[in-house]
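Colleague: Hey, dropping coords-v3.txt in here, compact mmCIF, C-alpha atoms and all ligand atoms:
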# COMPACT_ATOMS: atom_id res chain seq x y z
CA MET A 1 43.89 27.20 6.59
CA VAL A 2 40.36 26.45 7.79
CA ARG A 3 40.38 26.42 11.58
CA THR A 4 37.09 25.31 13.05
CA ALA A 5 38.16 24.34 16.53
CA ALA A 6 36.91 26.31 19.49
CA LYS A 7 39.15 29.06 20.81
CA GLY A 8 41.90 27.96 23.12
CA THR A 9 42.07 24.33 22.01
CA SER A 10 44.62 24.66 19.19
CA VAL A 11 48.21 24.08 20.27
CA GLN A 12 51.62 23.59 18.71
CA THR A 13 54.34 21.47 20.22
CA LYS A 14 57.78 20.15 19.32
CA ILE A 15 57.89 16.41 18.62
CA ASN A 16 60.83 14.47 17.20
CA GLY A 17 62.35 17.74 15.93
CA LEU A 18 59.19 18.98 14.18
CA THR A 19 56.43 21.42 15.09
CA ILE A 20 53.22 19.43 15.38
CA ALA A 21 49.80 21.10 15.67
CA TYR A 22 46.97 19.52 17.60
CA ASN A 23 43.71 20.23 19.41
CA ASP A 24 42.89 18.96 22.90
CA ARG A 25 39.30 19.55 23.97
CA GLY A 26 37.02 18.12 26.66
CA THR A 27 37.66 15.81 29.60
CA GLY A 28 37.19 12.11 30.30
CA LEU A 29 38.20 9.06 28.29
CA PRO A 30 40.69 10.28 25.64
CA ILE A 31 39.84 9.62 21.99
CA VAL A 32 42.62 10.38 19.49
CA PHE A 33 41.64 11.06 15.87
CA LEU A 34 44.09 10.56 12.96
CA HIS A 35 43.09 12.17 9.67
CA ALA A 36 43.14 11.05 6.04
CA PHE A 37 45.65 12.03 3.32
CA PRO A 38 46.11 14.87 2.33
CA LEU A 39 43.83 16.59 4.84
CA ASN A 40 44.35 17.83 8.40
CA ARG A 41 42.77 17.72 11.85
CA THR A 42 39.93 20.07 10.90
CA MET A 43 38.32 17.13 9.09
CA TRP A 44 37.32 16.01 12.60
CA ALA A 45 35.50 19.26 13.46
CA PRO A 46 32.03 17.61 13.60
CA GLN A 47 33.39 14.88 15.89
CA GLU A 48 35.25 17.36 18.11
CA GLU A 49 32.17 19.55 18.40
CA ALA A 50 29.75 16.74 19.25
CA LEU A 51 31.90 14.42 21.36
CA SER A 52 34.01 16.79 23.47
CA SER A 53 31.14 17.29 25.94
CA GLN A 54 31.54 13.62 26.90
CA PHE A 55 35.14 12.68 26.09
CA ARG A 56 38.62 14.21 25.78
CA ILE A 57 39.07 14.68 22.05
CA ILE A 58 42.59 14.95 20.63
CA THR A 59 43.05 15.71 16.93
CA VAL A 60 46.49 16.07 15.41
CA ASP A 61 47.96 17.29 12.12
CA LEU A 62 50.17 14.38 11.12
CA ARG A 63 53.68 15.33 9.97
CA GLY A 64 53.60 16.86 6.49
CA HIS A 65 49.99 18.05 6.86
CA GLY A 66 48.09 21.17 7.90
CA GLY A 67 49.73 23.26 10.60
CA SER A 68 52.49 20.72 11.31
CA ASP A 69 55.92 20.95 9.71
CA ALA A 70 56.39 19.44 6.26
CA PRO A 71 60.16 19.20 5.77
CA LEU A 72 61.68 17.80 2.60
CA TRP A 73 62.48 14.42 4.09
CA HIS A 74 61.95 10.67 3.99
CA TYR A 75 58.53 10.18 5.56
CA THR A 76 57.34 6.88 7.05
CA LEU A 77 54.06 5.94 8.70
CA ASP A 78 56.08 4.50 11.61
CA GLN A 79 57.43 8.02 12.24
CA SER A 80 53.90 9.40 12.29
CA ALA A 81 52.92 6.69 14.78
CA ALA A 82 55.95 7.60 16.92
CA ASP A 83 54.90 11.30 16.81
CA VAL A 84 51.47 10.35 18.17
CA SER A 85 53.05 8.32 20.97
CA VAL A 86 55.27 11.27 21.98
CA LEU A 87 52.28 13.62 21.87
CA LEU A 88 50.42 11.31 24.27
CA ASN A 89 53.45 11.31 26.60
CA GLN A 90 53.44 15.10 26.55
CA LEU A 91 49.72 15.13 27.38
CA SER A 92 50.21 12.52 30.16
CA ILE A 93 47.80 10.16 28.42
CA GLN A 94 48.78 6.56 28.96
CA GLN A 95 45.92 4.90 27.06
CA ALA A 96 43.23 6.04 24.66
CA ILE A 97 40.73 5.01 22.06
CA PHE A 98 42.09 5.71 18.57
CA VAL A 99 40.14 6.59 15.44
CA GLY A 100 41.97 6.54 12.10
CA LEU A 101 40.39 7.25 8.73
CA SER A 102 42.13 5.93 5.62
CA MET A 103 45.80 6.99 5.98
CA GLY A 104 44.98 7.55 9.67
CA GLY A 105 44.01 3.86 9.78
CA TYR A 106 47.29 2.82 8.11
CA ILE A 107 49.11 4.76 10.84
CA LEU A 108 47.03 3.01 13.51
CA PHE A 109 48.23 -0.37 12.25
CA ALA A 110 51.81 0.90 12.66
CA PHE A 111 50.93 2.35 16.07
CA TYR A 112 49.35 -0.89 17.28
CA ARG A 113 52.39 -2.93 16.21
CA LYS A 114 54.62 -0.83 18.45
CA TYR A 115 52.39 0.57 21.20
CA ALA A 116 49.55 -1.96 21.62
CA THR A 117 49.40 -1.43 25.38
CA ARG A 118 48.37 2.19 24.83
CA VAL A 119 45.33 1.17 22.79
CA LYS A 120 42.06 0.67 24.68
CA GLY A 121 40.07 0.40 21.49
CA LEU A 122 40.53 0.91 17.75
CA ILE A 123 38.15 2.48 15.28
CA LEU A 124 39.28 1.84 11.71
CA ALA A 125 37.25 3.97 9.30
CA ASP A 126 37.32 3.89 5.50
CA THR A 127 40.71 2.24 5.48
CA ARG A 128 42.30 -1.05 4.47
CA ALA A 129 44.84 -3.51 5.87
CA GLN A 130 46.43 -4.46 2.53
CA ALA A 131 49.67 -2.86 1.35
CA ASP A 132 49.69 -1.04 -2.01
CA THR A 133 49.73 -3.14 -5.17
CA VAL A 134 52.44 -2.46 -7.77
CA GLU A 135 49.91 -0.36 -9.72
CA GLY A 136 48.96 1.43 -6.51
CA LYS A 137 52.60 2.36 -5.86
CA ASP A 138 52.98 3.61 -9.44
CA GLY A 139 49.90 5.74 -8.89
CA ARG A 140 51.51 7.30 -5.81
CA PHE A 141 54.62 8.30 -7.77
CA HIS A 142 52.46 9.70 -10.56
CA MET A 143 50.51 11.77 -8.03
CA ALA A 144 53.73 12.99 -6.38
CA GLN A 145 54.89 14.21 -9.81
CA ILE A 146 51.61 16.06 -10.28
CA ALA A 147 52.03 17.69 -6.87
CA TYR A 148 55.60 18.68 -7.75
CA LYS A 149 54.76 20.07 -11.19
CA GLN A 150 51.29 21.53 -10.68
CA GLY A 151 50.94 22.12 -6.95
CA PRO A 152 48.39 21.16 -4.29
CA SER A 153 45.32 22.50 -6.14
CA ALA A 154 45.91 19.90 -8.88
CA ILE A 155 45.86 17.28 -6.12
CA ALA A 156 42.60 18.73 -4.79
CA GLU A 157 41.13 18.44 -8.29
CA LEU A 158 42.08 14.76 -8.42
CA MET A 159 41.17 13.86 -4.86
CA VAL A 160 37.78 15.50 -4.22
CA PRO A 161 35.82 13.04 -6.45
CA LYS A 162 37.61 10.14 -4.68
CA LEU A 163 36.81 11.44 -1.21
CA LEU A 164 33.17 12.54 -1.50
CA SER A 165 30.09 11.01 -3.10
CA PRO A 166 28.62 12.64 -6.24
CA GLN A 167 25.59 13.67 -4.18
CA THR A 168 27.74 15.37 -1.55
CA ILE A 169 29.66 17.19 -4.29
CA GLN A 170 26.41 18.43 -5.79
CA THR A 171 24.56 19.38 -2.63
CA LYS A 172 27.16 20.44 -0.03
CA PRO A 173 29.35 23.20 -1.52
CA ASP A 174 30.66 24.32 1.90
CA LEU A 175 31.88 20.84 2.70
CA VAL A 176 33.50 20.51 -0.75
CA GLN A 177 35.20 23.87 -0.16
CA HIS A 178 36.47 22.76 3.26
CA VAL A 179 37.96 19.57 1.78
CA ARG A 180 39.57 21.54 -1.07
CA ALA A 181 41.01 24.09 1.35
CA MET A 182 42.53 21.37 3.53
CA ILE A 183 44.26 19.85 0.50
CA GLU A 184 45.37 23.17 -1.01
CA ASN A 185 46.92 24.36 2.25
CA ASN A 186 49.41 21.51 2.31
CA GLN A 187 52.99 21.88 1.14
CA ILE A 188 54.24 19.85 -1.82
CA SER A 189 56.95 18.29 0.38
CA GLY A 190 54.32 16.93 2.77
CA ILE A 191 52.08 15.61 -0.01
CA ALA A 192 54.93 13.87 -1.83
CA GLY A 193 56.51 12.62 1.40
CA ASN A 194 53.31 11.03 2.65
CA LEU A 195 52.57 9.48 -0.75
CA MET A 196 55.96 7.72 -0.55
CA ALA A 197 55.27 6.71 3.05
CA MET A 198 51.94 5.12 2.08
CA ALA A 199 53.58 3.37 -0.89
CA GLU A 200 56.15 1.83 1.47
CA ARG A 201 53.74 0.73 4.17
CA GLN A 202 53.71 -2.93 5.08
CA ASP A 203 50.88 -5.40 4.63
CA SER A 204 48.84 -5.46 7.84
CA ILE A 205 46.68 -8.47 6.91
CA PRO A 206 48.87 -11.01 8.82
CA HIS A 207 48.71 -8.69 11.80
CA LEU A 208 44.89 -8.47 12.03
CA ARG A 209 44.41 -11.61 14.12
CA HIS A 210 46.87 -10.24 16.69
CA ILE A 211 44.73 -7.17 17.37
CA THR A 212 43.13 -8.16 20.65
CA CYS A 213 41.53 -4.90 21.80
CA PRO A 214 37.89 -4.06 20.98
CA ALA A 215 37.66 -2.80 17.40
CA GLN A 216 35.02 -1.02 15.38
CA ILE A 217 35.23 -0.95 11.59
CA ILE A 218 33.32 1.81 9.80
CA VAL A 219 32.88 2.33 6.07
CA GLY A 220 30.73 4.53 3.84
CA GLU A 221 28.60 2.31 1.62
CA LEU A 222 29.72 4.33 -1.44
CA ASP A 223 33.43 4.37 -0.56
CA GLN A 224 35.34 3.42 -3.71
CA ALA A 225 38.83 4.24 -2.41
CA THR A 226 38.58 1.68 0.42
CA PRO A 227 35.34 -0.15 -0.33
CA PRO A 228 33.08 -2.14 2.04
CA SER A 229 34.82 -5.38 0.93
CA ASP A 230 38.07 -4.10 2.53
CA ALA A 231 36.14 -3.25 5.69
CA ARG A 232 34.54 -6.72 5.82
CA LEU A 233 37.96 -8.34 5.53
CA MET A 234 39.21 -6.43 8.59
CA ALA A 235 36.01 -7.17 10.53
CA ASP A 236 36.32 -10.89 9.70
CA GLN A 237 39.96 -11.18 10.76
CA ILE A 238 40.21 -8.95 13.83
CA PRO A 239 38.95 -11.18 16.68
CA ASN A 240 36.90 -8.61 18.60
CA ALA A 241 35.62 -6.41 15.77
CA HIS A 242 32.24 -5.16 14.59
CA LEU A 243 31.39 -3.60 11.24
CA ALA A 244 29.15 -0.61 10.58
CA ILE A 245 28.31 0.49 7.04
CA ILE A 246 27.10 4.09 6.78
CA PRO A 247 24.53 4.73 4.04
CA ASN A 248 24.87 7.74 1.70
CA ALA A 249 28.54 8.25 2.46
CA ALA A 250 31.70 7.66 0.43
CA HIS A 251 35.32 7.86 1.69
CA LEU A 252 34.98 10.77 4.14
CA ALA A 253 32.07 9.16 5.98
CA ASN A 254 32.70 11.26 9.12
CA LEU A 255 32.10 14.49 7.18
CA GLU A 256 29.36 13.26 4.86
CA GLN A 257 27.24 11.63 7.58
CA PRO A 258 28.57 13.07 10.86
CA GLU A 259 25.56 12.12 13.01
CA ALA A 260 25.74 8.44 12.04
CA PHE A 261 29.54 8.44 12.45
CA ASN A 262 29.36 10.14 15.86
CA GLN A 263 26.73 7.73 17.08
CA ILE A 264 28.94 4.74 16.24
CA VAL A 265 32.02 6.30 17.88
CA THR A 266 30.05 7.25 21.01
CA ALA A 267 28.49 3.79 21.40
CA PHE A 268 31.89 2.13 20.92
CA ALA A 269 33.63 4.48 23.39
CA LEU A 270 30.95 3.98 26.07
CA GLU A 271 31.02 0.20 25.63
CA THR A 272 34.84 0.11 25.75
CA GLN A 273 34.79 2.34 28.82
CA LYS A 274 32.34 -0.04 30.51
CA GLU A 275 34.39 -3.12 29.60
CA THR A 276 37.77 -1.71 30.52
CA GLY A 277 36.61 0.53 33.36
CA TYR A 278 38.38 3.82 32.55
C1 LIG A 301 43.30 8.76 2.37
O1 LIG A 301 42.12 9.13 2.32
O2 LIG A 301 43.97 8.85 3.40
C2 LIG A 301 43.91 8.21 1.12
O3 LIG A 301 42.90 8.08 0.14
C3 LIG A 301 44.58 6.91 1.41
C4 LIG A 301 45.25 6.33 0.21
O4 LIG A 301 45.53 7.05 -0.76
O5 LIG A 301 45.54 5.12 0.23
Translate the structure described by the file into structure tokens.
Ligand code: MLT

Modeller:
Amino acid sequence: MVRTAAKGTSVQTKINGLTIAYNDRGTGLPIVFLHAFPLNRTMWAPQEEALSSQFRIITVDLRGHGGSDAPLWHYTLDQSAADVSVLLNQLSIQQAIFVGLSMGGYILFAFYRKYATRVKGLILADTRAQADTVEGKDGRFHMAQIAYKQGPSAIAELMVPKLLSPQTIQTKPDLVQHVRAMIENNQISGIAGNLMAMAERQDSIPHLRHITCPAQIIVGELDQATPPSDARLMADQIPNAHLAIIPNAAHLANLEQPEAFNQIVTAFALETQKETGY
């Protein structure tokens, strides 16, 4: 597994019967980062590195991913949201800003439904509020079969072109290798379990107008997995939301254009801090 966090920040804890791995770095307003499928918390290394001088940065391997347990089990995104809530209890963090990218964003919708009072601000990056279509669900089961029969490297083969722009794939071999390694280090049980969890997730569109905290929507202009039209829909329907479109980035906008991504997160966190007086 690629571990890019600074020494001493990587921790394991027991949550809801599972070992969950996380990093906790910096002090100040807590910002909790939830990663995409099927990656892990090291996808947030550029954010952790740049932002932990100003904020308390928490990154977590969601159940079934990275250094967290991946039992053969029925996974749900509500369970992942509950894991995050317990982690915050353990860290004595009552409220935080939350950043979720793609699957991380789906989990934030589940988190907000249950724990809205813990959310000072929401950053929804390269994600969507809609549930899966019938074809989308079929695609999940097909991918789970591939994971079962051919293993995680077959999933990496399929996913990398969906996650990164053609230009990134051509010009940033280290980044491509990092993304591949994150995918390949997952267990089949975690990949399949989280595919089923995403297939089962509920439609969050009716919920958008009930999100009352400050919200920032971010999307890579080249994102085809969750395109700018999905981002606009969230920005239009969440009452207190702004939209930022990052040029020259696809689905993993935080890794492809980290400076632009960090600038948006920092500005949002400082503004939210000012408004809510942390
Ligand atoms: C992700 O990046 O988390 C996935 O692409 C989300 C999905 O498959 O819907």

Colleague: Grab me every residue within 9 Å of ligand LIG 301 (chain A), counting only C-alpha atoms and all ligand atoms, and send it over as a list in words.

Modeller: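 The residues near ligand LIG 301 (chain A) are His35, Ala36, Phe37, Pro38, Leu39, Leu101, Ser102, Met103, Gly104, Gly105, Tyr106, Asp126, Thr127, Arg128, Asp132, Gly136, Arg140, Met159, Lys162, Leu163, Leu195, Met198, Ala199, Ala225, Thr226, His251 and Leu252 of chain A.
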
Colleague: In Å, rounded to a single decimal, give me how far atom CA of A:Glu259 is from atom CA of A:Asp24.

Modeller: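 Between these atoms lies a distance of 21.1 Å.
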
Colleague: Using all atoms listed in the file, which residue out of A:Ala235, A:Ile31, A:Val11, A:Ile93 lies closest to A:Leu208?

Modeller: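 Among the listed residues, A:Ala235 lies closest to A:Leu208.
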
Colleague: Go ahead and compute the interatomic distance for atom CA of A:Ala154 and atom CA of A:Phe261, in Å to one decimal.

Modeller: 29.2 Å

Colleague: So the first atom is atom CA of A:Pro30 and the second is atom CA of A:Gln237; what is the distance between them in Å, to one decimal place?

Modeller: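 So the answer is 26.1 Å.
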
Colleague: For stretch 55-59 of chain A, please output as a compact mmCIF listing (two decimals) with C-alpha atoms, in the frame of the given file all residues within 7 Å (counting all atoms listed in the file; exclusion window: fewer than 6 positions along the same chain).

Modeller:
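Written output follows (part_10.txt):
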# COMPACT_ATOMS: atom_id res chain seq x y z
CA TYR A 22 46.97 19.52 17.60
CA ASN A 23 43.71 20.23 19.41
CA ASP A 24 42.89 18.96 22.90
CA ARG A 25 39.30 19.55 23.97
CA GLY A 26 37.02 18.12 26.66
CA THR A 27 37.66 15.81 29.60
CA GLY A 28 37.19 12.11 30.30
CA LEU A 29 38.20 9.06 28.29
CA PRO A 30 40.69 10.28 25.64
CA ILE A 31 39.84 9.62 21.99
CA VAL A 32 42.62 10.38 19.49
CA PHE A 33 41.64 11.06 15.87
CA LEU A 34 44.09 10.56 12.96
CA ARG A 41 42.77 17.72 11.85
CA GLU A 48 35.25 17.36 18.11

Colleague: Between A:Asn240, A:Ser165, A:Thr76, A:Ser189, which is the closest to A:Gln224 once you count only C-alpha atoms?

Modeller: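 Under the stated criterion, the closest residue is A:Ser165.
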
Colleague: A:Gly190, A:Gly17, A:Pro161, A:Pro173: which is nearest A:Arg63, counting all atoms listed in the file?

Modeller: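 Closest to A:Arg63 of all the choices is A:Gly190.
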
Colleague: Measuring between all atoms listed in the file, which one of A:Ala125, A:Arg180, A:Thr212, A:Gly64 shows the shortest distance to A:Pro227?

Modeller: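 Closest to A:Pro227 of all the choices is A:Ala125.
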
Colleague: Could you tell me, as a ChimeraX atom specification, which residues have any atom at most 12 Å from (56.4, 4.2, -2.3), counting all atoms listed in the file?

Modeller: /A:74-77,131-144,192-202

Colleague: Nearest to A:Ile123 among A:Val160, A:Ser68, A:Ser153, A:Gly100, with distances taken over only C-alpha atoms: which residue is it?

Modeller: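 When distances to A:Ile123 are compared using only C-alpha atoms, the smallest one comes from A:Gly100.
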
Colleague: Near stretch 271-273 of chain A, counting only C-alpha atoms, which residues have an atom at most 8 Å away, once you skip same-chain residues fewer than 6 positions from it, shown as a list of chain:residue names?

Modeller: A:Leu29, A:Lys120, A:Gly121, A:Pro214

Colleague: Find the residue from A:Ala70, A:Asn262, A:His65, A:Ala21 that sits nearest to A:Asn40; use only C-alpha atoms when measuring.

Modeller: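 Nearest to A:Asn40: A:His65.
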